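S.K.: The structure file final31.pdb (PDB, C-alpha atoms) is provided below.
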ATOM      1  CA  GLU A   6     188.041 -10.993 -90.274
ATOM      2  CA  PRO A   7     185.239 -10.967 -87.668
ATOM      3  CA  PRO A   8     185.369 -13.408 -84.765
ATOM      4  CA  ASP A   9     183.547 -16.701 -85.067
ATOM      5  CA  ILE A  10     181.254 -18.132 -82.359
ATOM      6  CA  THR A  11     181.750 -21.876 -82.569
ATOM      7  CA  ALA A  12     179.463 -22.964 -79.748
ATOM      8  CA  ILE A  13     177.642 -22.108 -76.546
ATOM      9  CA  SER A  14     179.125 -24.323 -73.875
ATOM     10  CA  GLY A  15     176.510 -25.450 -71.397
ATOM     11  CA  PRO A  16     173.171 -27.270 -71.220
ATOM     12  CA  ASP A  17     170.185 -26.230 -73.284
ATOM     13  CA  THR A  18     167.725 -27.969 -70.918
ATOM     14  CA  VAL A  19     167.794 -27.814 -67.123
ATOM     15  CA  THR A  20     165.378 -28.038 -64.193
ATOM     16  CA  GLU A  21     164.465 -25.128 -61.967
ATOM     17  CA  ASP A  22     166.606 -26.671 -59.195
ATOM     18  CA  GLU A  23     169.824 -26.365 -61.195
ATOM     19  CA  SER A  24     172.241 -23.458 -61.521
ATOM     20  CA  ILE A  25     173.111 -22.502 -65.110
ATOM     21  CA  ASN A  26     176.401 -21.405 -66.636
ATOM     22  CA  LEU A  27     176.566 -20.761 -70.374
ATOM     23  CA  GLN A  28     179.893 -19.862 -71.995
ATOM     24  CA  VAL A  29     180.227 -18.214 -75.419
ATOM     25  CA  VAL A  30     183.018 -20.023 -77.263
ATOM     26  CA  ALA A  31     184.500 -17.761 -79.921
ATOM     27  CA  VAL A  32     187.755 -17.491 -81.866
ATOM     28  CA  ASP A  33     189.361 -14.594 -83.699
ATOM     29  CA  SER A  34     191.787 -15.339 -86.503
ATOM     30  CA  ASN A  35     193.841 -12.238 -85.628
ATOM     31  CA  ASN A  36     193.786 -13.004 -81.909
ATOM     32  CA  ASN A  37     192.232  -9.621 -81.192
ATOM     33  CA  PRO A  38     190.624  -9.103 -77.782
ATOM     34  CA  LEU A  39     186.923  -9.961 -77.770
ATOM     35  CA  SER A  40     183.918  -8.687 -75.878
ATOM     36  CA  TYR A  41     180.464 -10.206 -75.627
ATOM     37  CA  SER A  42     176.824  -9.272 -75.314
ATOM     38  CA  VAL A  43     173.439 -10.981 -75.206
ATOM     39  CA  THR A  44     169.900  -9.968 -76.112
ATOM     40  CA  TYR A  45     166.734 -11.769 -75.119
ATOM     41  CA  THR A  46     163.468 -12.496 -76.853
ATOM     42  CA  ALA A  47     160.712 -12.274 -74.241
ATOM     43  CA  PRO A  48     160.607 -13.544 -71.619
ATOM     44  CA  ASP A  49     163.835 -12.275 -70.088
ATOM     45  CA  PRO A  50     165.614 -14.693 -67.720
ATOM     46  CA  SER A  51     165.018 -12.653 -64.579
ATOM     47  CA  GLY A  52     168.018 -12.792 -62.266
ATOM     48  CA  ALA A  53     170.483 -14.014 -64.885
ATOM     49  CA  ILE A  54     173.861 -12.229 -64.968
ATOM     50  CA  PHE A  55     175.922 -11.886 -68.123
ATOM     51  CA  ASN A  56     179.627 -11.008 -68.018
ATOM     52  CA  ALA A  57     180.537  -9.003 -71.131
ATOM     53  CA  ALA A  58     184.255  -9.570 -70.582
ATOM     54  CA  THR A  59     184.164 -13.356 -70.254
ATOM     55  CA  GLY A  60     181.039 -14.223 -72.234
ATOM     56  CA  VAL A  61     179.544 -16.202 -69.348
ATOM     57  CA  LEU A  62     175.843 -16.136 -68.493
ATOM     58  CA  ALA A  63     175.146 -17.302 -64.931
ATOM     59  CA  TRP A  64     171.681 -17.984 -63.542
ATOM     60  CA  ASN A  65     171.439 -19.421 -60.035
ATOM     61  CA  ASP A  66     167.663 -19.520 -59.602
ATOM     62  CA  PRO A  67     166.149 -20.241 -63.003
ATOM     63  CA  ILE A  68     162.418 -19.873 -63.540
ATOM     64  CA  PRO A  69     160.556 -22.503 -65.604
ATOM     65  CA  GLY A  70     160.041 -21.438 -69.204
ATOM     66  CA  ILE A  71     161.588 -21.280 -72.667
ATOM     67  CA  TYR A  72     164.153 -18.536 -73.203
ATOM     68  CA  ARG A  73     165.458 -17.501 -76.611
ATOM     69  CA  MET A  74     168.622 -15.423 -76.668
ATOM     70  CA  THR A  75     171.166 -14.164 -79.140
ATOM     71  CA  PHE A  76     174.802 -14.048 -78.100
ATOM     72  CA  ARG A  77     177.223 -11.694 -79.829
ATOM     73  CA  ALA A  78     181.029 -11.753 -79.895
ATOM     74  CA  TYR A  79     182.849  -8.730 -81.263
ATOM     75  CA  GLU A  80     186.313  -7.295 -81.453
ATOM     76  CA  THR A  81     186.650  -4.944 -78.509
ATOM     77  CA  ALA A  82     188.383  -2.285 -80.592
ATOM     78  CA  THR A  83     186.137  -2.760 -83.631
ATOM     79  CA  PRO A  84     182.599  -3.720 -82.529
ATOM     80  CA  SER A  85     181.379  -3.810 -86.106
ATOM     81  CA  LEU A  86     183.436  -6.968 -86.569
ATOM     82  CA  ASN A  87     181.160  -9.435 -84.827
ATOM     83  CA  ASP A  88     179.361 -12.725 -84.980
ATOM     84  CA  THR A  89     176.054 -13.814 -83.440
ATOM     85  CA  PHE A  90     174.688 -17.133 -82.215
ATOM     86  CA  GLU A  91     171.044 -17.920 -81.419
ATOM     87  CA  PHE A  92     170.418 -20.183 -78.448
ATOM     88  CA  THR A  93     167.281 -21.583 -76.812
ATOM     89  CA  LEU A  94     167.291 -22.520 -73.121
ATOM     90  CA  THR A  95     164.492 -24.622 -71.612
ATOM     91  CA  VAL A  96     163.965 -24.598 -67.848
ATOM     92  CA  LEU A  97     161.703 -27.425 -66.671
ATOM     93  CA  ASP A  98     159.280 -27.178 -63.785
ATOM     94  CA  VAL A  99     159.934 -29.563 -60.881
ATOM     95  CA  ASN A 100     156.994 -30.789 -58.849
ATOM     96  CA  HIS A 101     158.262 -30.754 -55.268
ATOM     97  CA  LEU A 102     156.750 -32.999 -52.647
ATOM     98  CA  PRO A 103     154.656 -31.479 -49.877
ATOM     99  CA  VAL A 104     156.332 -31.280 -46.481
ATOM    100  CA  ILE A 105     154.714 -32.004 -43.115
ATOM    101  CA  SER A 106     156.138 -29.258 -40.962
ATOM    102  CA  ASN A 107     155.153 -29.894 -37.342
ATOM    103  CA  VAL A 108     154.958 -33.649 -36.784
ATOM    104  CA  SER A 109     157.895 -35.874 -35.914
ATOM    105  CA  GLY A 110     159.593 -37.651 -33.054
ATOM    106  CA  SER A 111     157.944 -38.733 -29.821
ATOM    107  CA  ARG A 112     155.003 -37.494 -27.774
ATOM    108  CA  SER A 113     153.468 -38.696 -24.523
ATOM    109  CA  VAL A 114     150.171 -38.575 -22.658
ATOM    110  CA  ASN A 115     148.976 -39.925 -19.334
ATOM    111  CA  GLU A 116     146.430 -42.728 -19.380
ATOM    112  CA  GLY A 117     142.901 -41.477 -19.049
ATOM    113  CA  SER A 118     143.768 -38.209 -20.786
ATOM    114  CA  THR A 119     142.906 -37.038 -24.287
ATOM    115  CA  PHE A 120     145.766 -36.471 -26.728
ATOM    116  CA  ILE A 121     145.146 -33.909 -29.485
ATOM    117  CA  LEU A 122     147.483 -33.008 -32.336
ATOM    118  CA  SER A 123     146.810 -30.756 -35.333
ATOM    119  CA  ILE A 124     149.135 -31.221 -38.292
ATOM    120  CA  SER A 125     150.218 -28.721 -40.926
ATOM    121  CA  ALA A 126     152.098 -28.991 -44.204
ATOM    122  CA  THR A 127     153.458 -26.795 -46.983
ATOM    123  CA  ASP A 128     153.770 -27.189 -50.736
ATOM    124  CA  SER A 129     156.244 -24.967 -52.562
ATOM    125  CA  ALA A 130     154.042 -24.845 -55.662
ATOM    126  CA  GLY A 131     150.906 -24.046 -53.691
ATOM    127  CA  ASP A 132     149.143 -27.245 -54.790
ATOM    128  CA  ALA A 133     146.003 -28.396 -52.964
ATOM    129  CA  LEU A 134     146.785 -30.947 -50.258
ATOM    130  CA  THR A 135     144.939 -33.897 -48.749
ATOM    131  CA  TYR A 136     145.564 -34.998 -45.155
ATOM    132  CA  ALA A 137     145.187 -38.501 -43.720
ATOM    133  CA  MET A 138     146.157 -40.835 -40.877
ATOM    134  CA  THR A 139     147.341 -44.098 -42.416
ATOM    135  CA  ASP A 140     148.054 -45.933 -39.152
ATOM    136  CA  GLY A 141     147.169 -45.340 -35.531
ATOM    137  CA  PRO A 142     145.898 -46.850 -32.278
ATOM    138  CA  GLN A 143     142.410 -48.292 -31.993
ATOM    139  CA  GLY A 144     139.852 -45.668 -31.055
ATOM    140  CA  ALA A 145     141.914 -42.739 -32.366
ATOM    141  CA  THR A 146     140.277 -40.408 -34.884
ATOM    142  CA  PHE A 147     141.597 -38.005 -37.497
ATOM    143  CA  ASP A 148     139.555 -35.313 -39.254
ATOM    144  CA  PRO A 149     141.071 -34.488 -42.678
ATOM    145  CA  ALA A 150     139.142 -31.221 -42.872
ATOM    146  CA  THR A 151     140.471 -29.815 -39.590
ATOM    147  CA  ARG A 152     143.722 -31.880 -39.728
ATOM    148  CA  ARG A 153     143.098 -32.841 -36.118
ATOM    149  CA  PHE A 154     144.102 -36.116 -34.459
ATOM    150  CA  GLU A 155     142.309 -37.034 -31.241
ATOM    151  CA  TRP A 156     142.538 -40.037 -28.920
ATOM    152  CA  HIS A 157     140.821 -40.601 -25.604
ATOM    153  CA  THR A 158     143.216 -42.973 -23.828
ATOM    154  CA  GLY A 159     142.279 -45.571 -21.244
ATOM    155  CA  GLU A 160     144.005 -47.778 -18.695
ATOM    156  CA  ALA A 161     144.477 -50.559 -21.268
ATOM    157  CA  ASP A 162     146.383 -48.240 -23.624
ATOM    158  CA  ASP A 163     149.643 -48.043 -21.624
ATOM    159  CA  GLY A 164     152.774 -48.279 -23.784
ATOM    160  CA  GLU A 165     154.037 -47.062 -27.152
ATOM    161  CA  HIS A 166     151.830 -46.562 -30.185
ATOM    162  CA  LEU A 167     152.786 -45.500 -33.714
ATOM    163  CA  VAL A 168     150.736 -42.863 -35.516
ATOM    164  CA  VAL A 169     151.445 -42.283 -39.218
ATOM    165  CA  PHE A 170     150.298 -39.102 -40.958
ATOM    166  CA  ARG A 171     150.326 -38.599 -44.720
ATOM    167  CA  VAL A 172     149.944 -35.394 -46.722
ATOM    168  CA  SER A 173     149.580 -35.802 -50.489
ATOM    169  CA  GLU A 174     148.896 -33.550 -53.433
ATOM    170  CA  THR A 175     145.171 -33.747 -54.124
ATOM    171  CA  ASN A 176     145.645 -34.078 -57.893
ATOM    172  CA  LEU A 177     148.739 -36.276 -57.631
ATOM    173  CA  PRO A 178     148.245 -38.689 -54.698
ATOM    174  CA  GLY A 179     151.583 -40.334 -55.457
ATOM    175  CA  GLN A 180     153.319 -37.117 -54.430
ATOM    176  CA  PHE A 181     153.252 -37.242 -50.631
ATOM    177  CA  ASP A 182     155.121 -36.834 -47.381
ATOM    178  CA  GLU A 183     154.720 -39.131 -44.382
ATOM    179  CA  GLU A 184     155.728 -38.652 -40.762
ATOM    180  CA  THR A 185     155.535 -41.153 -37.899
ATOM    181  CA  VAL A 186     154.924 -40.132 -34.309
ATOM    182  CA  THR A 187     155.705 -42.470 -31.421
ATOM    183  CA  LEU A 188     153.014 -41.800 -28.834
ATOM    184  CA  THR A 189     153.627 -43.166 -25.350
ATOM    185  CA  VAL A 190     150.736 -43.571 -22.940
ATOM    186  CA  ASN A 191     152.091 -43.304 -19.412
ATOM    187  CA  GLU A 192     150.684 -45.539 -16.667
ATOM    188  CA  ILE A 193     149.413 -43.573 -13.701
ATOM    189  CA  ASN A 194     149.744 -45.209 -10.260
ATOM    190  CA  GLU A 195     146.367 -44.423  -8.748
ATOM    191  CA  PRO A 196     145.799 -44.746  -4.953
ATOM    192  CA  PRO A 197     143.541 -47.612  -3.855
ATOM    193  CA  GLN A 198     139.884 -46.846  -3.313
ATOM    194  CA  ILE A 199     137.812 -48.249  -0.460
ATOM    195  CA  THR A 200     134.454 -49.190  -1.881
ATOM    196  CA  GLY A 201     132.873 -50.260   1.383
ATOM    197  CA  VAL A 202     133.208 -52.058   4.711
ATOM    198  CA  ASP A 203     131.583 -55.479   5.048
ATOM    199  CA  GLY A 204     130.253 -56.187   8.498
ATOM    200  CA  PRO A 205     127.595 -55.128  10.961
ATOM    201  CA  ALA A 206     127.201 -51.477  11.656
ATOM    202  CA  THR A 207     125.610 -52.226  15.050
ATOM    203  CA  ALA A 208     126.452 -54.910  17.593
ATOM    204  CA  THR A 209     126.065 -55.659  21.290
ATOM    205  CA  GLU A 210     128.900 -56.014  23.711
ATOM    206  CA  ASP A 211     128.362 -59.756  23.668
ATOM    207  CA  ASP A 212     128.935 -60.014  19.912
ATOM    208  CA  SER A 213     132.225 -60.735  18.180
ATOM    209  CA  ILE A 214     132.769 -58.253  15.408
ATOM    210  CA  THR A 215     134.488 -58.846  12.074
ATOM    211  CA  LEU A 216     134.780 -55.975   9.586
ATOM    212  CA  THR A 217     136.234 -56.451   6.124
ATOM    213  CA  VAL A 218     137.496 -53.509   4.107
ATOM    214  CA  GLU A 219     136.441 -53.799   0.480
ATOM    215  CA  THR A 220     138.568 -52.212  -2.286
TER     216      THR A 220
END
Here is the file; what I need is its structure written in the form of structure tokens.

M.R.:
Amino acid sequence: EPPDITAISGPDTVTEDESINLQVVAVDSNNNPLSYSVTYTAPDPSGAIFNAATGVLAWNDPIPGIYRMTFRAYETATPSLNDTFEFTLTVLDVNHLPVISNVSGSRSVNEGSTFILSISATDSAGDALTYAMTDGPQGATFDPATRRFEWHTGEADDGEHLVVFRVSETNLPGQFDEETVTLTVNEINEPPQITGVDGPATATEDDSITLTVET
């Protein structure tokens, strides 16, 4: 009697993030040693490895698509005694979030200076991205086209300020990544400035003189 494939052990639907292991489950009434093979109806599962001795198909990095395959179990000594089993595997596409790659943590700038930061992001699927600043200090600007944040700081801006950047998929705004930067404006201890001297520039020897330094 030929062997009998009773099942294919393993999922028939997975996502592209999952590793796949499919096991041919077969029995032989005479307990003869069995070997296995598989054939694919296009497309082939590129990168999948099939073990003819164990009947296991392993695929660590599946590609989205529908794959139709026919497994075969046969007596090792008599290949003509065999059974086949058709199986369809569906690998689903996963829409990964974009990732802001160069913005995080803390930054600092001295008061009176201009702070500039250009942000960048990646999307594993190559989807179009939209850039925005969702929160930031008063007077700061962000250009979505150039992805450039700019802030001309002043003396009143000393302290910590939170700046929140968001990158979202243009066609799916709900798919986004956000990063918060803590921007500290450092106070600079400037030397005093003399603005003038109040008092006469000319006097006689009989005059009392009072000069007041103005700052």

S.K.: Within 10 Å of stretch 7-19 of chain A, which residues of stretch 33-127 of chain A come that close, and what is the closest atom pair and distance in Å for each? Count only C-alpha atoms and give it as CSV.

M.R.:
residue,atom,partner,partner_atom,distance
A:Asp33,CA,A:Pro8,CA,4.3
A:Ser34,CA,A:Pro8,CA,6.9
A:Asn35,CA,A:Pro8,CA,8.6
A:Asn36,CA,A:Pro8,CA,8.9
A:Asn37,CA,A:Pro8,CA,8.6
A:Pro38,CA,A:Pro8,CA,9.7
A:Leu39,CA,A:Pro8,CA,8.0
A:Gly60,CA,A:Ile13,CA,9.6
A:Val61,CA,A:Ser14,CA,9.3
A:Leu62,CA,A:Gly15,CA,9.8
A:Pro67,CA,A:Val19,CA,8.8
A:Pro69,CA,A:Val19,CA,9.1
A:Ile71,CA,A:Thr18,CA,9.2
A:Tyr72,CA,A:Asp17,CA,9.8
A:Phe76,CA,A:Ile13,CA,8.7
A:Arg77,CA,A:Ile10,CA,8.0
A:Ala78,CA,A:Pro8,CA,6.7
A:Tyr79,CA,A:Pro8,CA,6.4
A:Glu80,CA,A:Pro8,CA,7.0
A:Thr83,CA,A:Pro7,CA,9.2
A:Pro84,CA,A:Pro7,CA,9.3
A:Ser85,CA,A:Pro7,CA,8.3
A:Leu86,CA,A:Pro7,CA,4.5
A:Asn87,CA,A:Pro7,CA,5.2
A:Asp88,CA,A:Asp9,CA,5.8
A:Thr89,CA,A:Ile10,CA,6.8
A:Phe90,CA,A:Ile10,CA,6.6
A:Glu91,CA,A:Ile13,CA,9.2
A:Phe92,CA,A:Ile13,CA,7.7
A:Thr93,CA,A:Asp17,CA,6.5
A:Leu94,CA,A:Asp17,CA,4.7
A:Thr95,CA,A:Thr18,CA,4.7
A:Val96,CA,A:Val19,CA,5.1
A:Leu97,CA,A:Val19,CA,6.1
A:Asp98,CA,A:Val19,CA,9.2

S.K.: Keeping only C-alpha atoms, write those residues as a compact mmCIF listing (two decimals), keeping the file's coordinate frame.

M.R.:
# COMPACT_ATOMS: atom_id res chain seq x y z
CA ASP A 33 189.36 -14.59 -83.70
CA SER A 34 191.79 -15.34 -86.50
CA ASN A 35 193.84 -12.24 -85.63
CA ASN A 36 193.79 -13.00 -81.91
CA ASN A 37 192.23 -9.62 -81.19
CA PRO A 38 190.62 -9.10 -77.78
CA LEU A 39 186.92 -9.96 -77.77
CA GLY A 60 181.04 -14.22 -72.23
CA VAL A 61 179.54 -16.20 -69.35
CA LEU A 62 175.84 -16.14 -68.49
CA PRO A 67 166.15 -20.24 -63.00
CA PRO A 69 160.56 -22.50 -65.60
CA ILE A 71 161.59 -21.28 -72.67
CA TYR A 72 164.15 -18.54 -73.20
CA PHE A 76 174.80 -14.05 -78.10
CA ARG A 77 177.22 -11.69 -79.83
CA ALA A 78 181.03 -11.75 -79.90
CA TYR A 79 182.85 -8.73 -81.26
CA GLU A 80 186.31 -7.30 -81.45
CA THR A 83 186.14 -2.76 -83.63
CA PRO A 84 182.60 -3.72 -82.53
CA SER A 85 181.38 -3.81 -86.11
CA LEU A 86 183.44 -6.97 -86.57
CA ASN A 87 181.16 -9.44 -84.83
CA ASP A 88 179.36 -12.72 -84.98
CA THR A 89 176.05 -13.81 -83.44
CA PHE A 90 174.69 -17.13 -82.22
CA GLU A 91 171.04 -17.92 -81.42
CA PHE A 92 170.42 -20.18 -78.45
CA THR A 93 167.28 -21.58 -76.81
CA LEU A 94 167.29 -22.52 -73.12
CA THR A 95 164.49 -24.62 -71.61
CA VAL A 96 163.96 -24.60 -67.85
CA LEU A 97 161.70 -27.42 -66.67
CA ASP A 98 159.28 -27.18 -63.78

S.K.: Is it possible to get the axis-aligned box enclosing stretch 60-69 of chain A (all listed atoms, 5 Å extra per side) as lines of an AutoDock Vina configuration file, with centre and edge lengths in Å rounded to one decimal?

M.R.:
center_x = 170.8
center_y = -18.4
center_z = -65.9
size_x = 30.5
size_y = 18.3
size_z = 22.6

S.K.: Return as a tab-separated table the residues of stretch 71-114 of chain A lying at most 8 Å from stretch 162-182 of chain A, together with the closest atom-to-atom pair for each and the distance in Å to one decimal, counting all atoms listed in the file, with rows in chain order and ascending residue number.

M.R.:
residue	atom	partner	partner_atom	distance
A:Leu102	CA	A:Gln180	CA	5.6
A:Pro103	CA	A:Asp182	CA	5.9
A:Val104	CA	A:Asp182	CA	5.8
A:Ile105	CA	A:Asp182	CA	6.5

S.K.: Residues near stretch 109-120 of chain A, anyone? I mean within 7 Å using only C-alpha atoms, not counting same-chain ones fewer than 4 positions away, as a VMD selection string.

M.R.: chain A and resid 155 to 160 162 to 163 184 to 193

S.K.: Go ahead and compute the interatomic distance for atom CA of A:Ala133 and atom CA of A:Gly52, in Å to one decimal.

M.R.: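 Going from atom CA of A:Ala133 over to atom CA of A:Gly52 covers 28.5 Å.
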
S.K.: My list of candidates is A:Leu122, A:Ala53, A:Ala58, A:Ile199. Which is closest to A:Val108 when distances are computed with all atoms listed in the file?

M.R.: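 Closest to A:Val108, using all atoms listed in the file: A:Leu122.
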
S.K.: What separation in Å, quoted to one decimal, exists between atom CA of A:Phe55 and atom CA of A:Ala82?

M.R.: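 That distance, rounded to one decimal, is 20.1 Å.
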
S.K.: What does the distance from atom CA of A:Thr151 to atom CA of A:Ala130 come to in Å, to one decimal?

M.R.: 21.6 Å

S.K.: What does the PyMOL selection byres ((chain A and resi 203) around 10) select in this file, as a ChimeraX atom specification?

M.R.: /A:200-202,204-206,215-219

S.K.: Take the residues just selected and output them with C-alpha atoms as a PDB file, keeping the file's coordinate frame.

M.R.:
ATOM      1  CA  THR A 200     134.454 -49.190  -1.881  1.00  0.00           C
ATOM      2  CA  GLY A 201     132.873 -50.260   1.383  1.00  0.00           C
ATOM      3  CA  VAL A 202     133.208 -52.058   4.711  1.00  0.00           C
ATOM      4  CA  GLY A 204     130.253 -56.187   8.498  1.00  0.00           C
ATOM      5  CA  PRO A 205     127.595 -55.128  10.961  1.00  0.00           C
ATOM      6  CA  ALA A 206     127.201 -51.477  11.656  1.00  0.00           C
ATOM      7  CA  THR A 215     134.488 -58.846  12.074  1.00  0.00           C
ATOM      8  CA  LEU A 216     134.780 -55.975   9.586  1.00  0.00           C
ATOM      9  CA  THR A 217     136.234 -56.451   6.124  1.00  0.00           C
ATOM     10  CA  VAL A 218     137.496 -53.509   4.107  1.00  0.00           C
ATOM     11  CA  GLU A 219     136.441 -53.799   0.480  1.00  0.00           C
TER      12      GLU A 219
END

S.K.: Neighbours of A:Ala63 within 8 Å (only C-alpha atoms; same-chain residues fewer than 6 positions away dropped), as a PyMOL selection string?

M.R.: chain A and resi 24-27+53-55

S.K.: Using all atoms listed in the file, which of the listed residues (A:Thr139, A:Ser106, A:Asn56, A:Gln28) sits closest to A:Ser40?

M.R.: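 Among the listed residues, the smallest separation from A:Ser40 belongs to A:Asn56.
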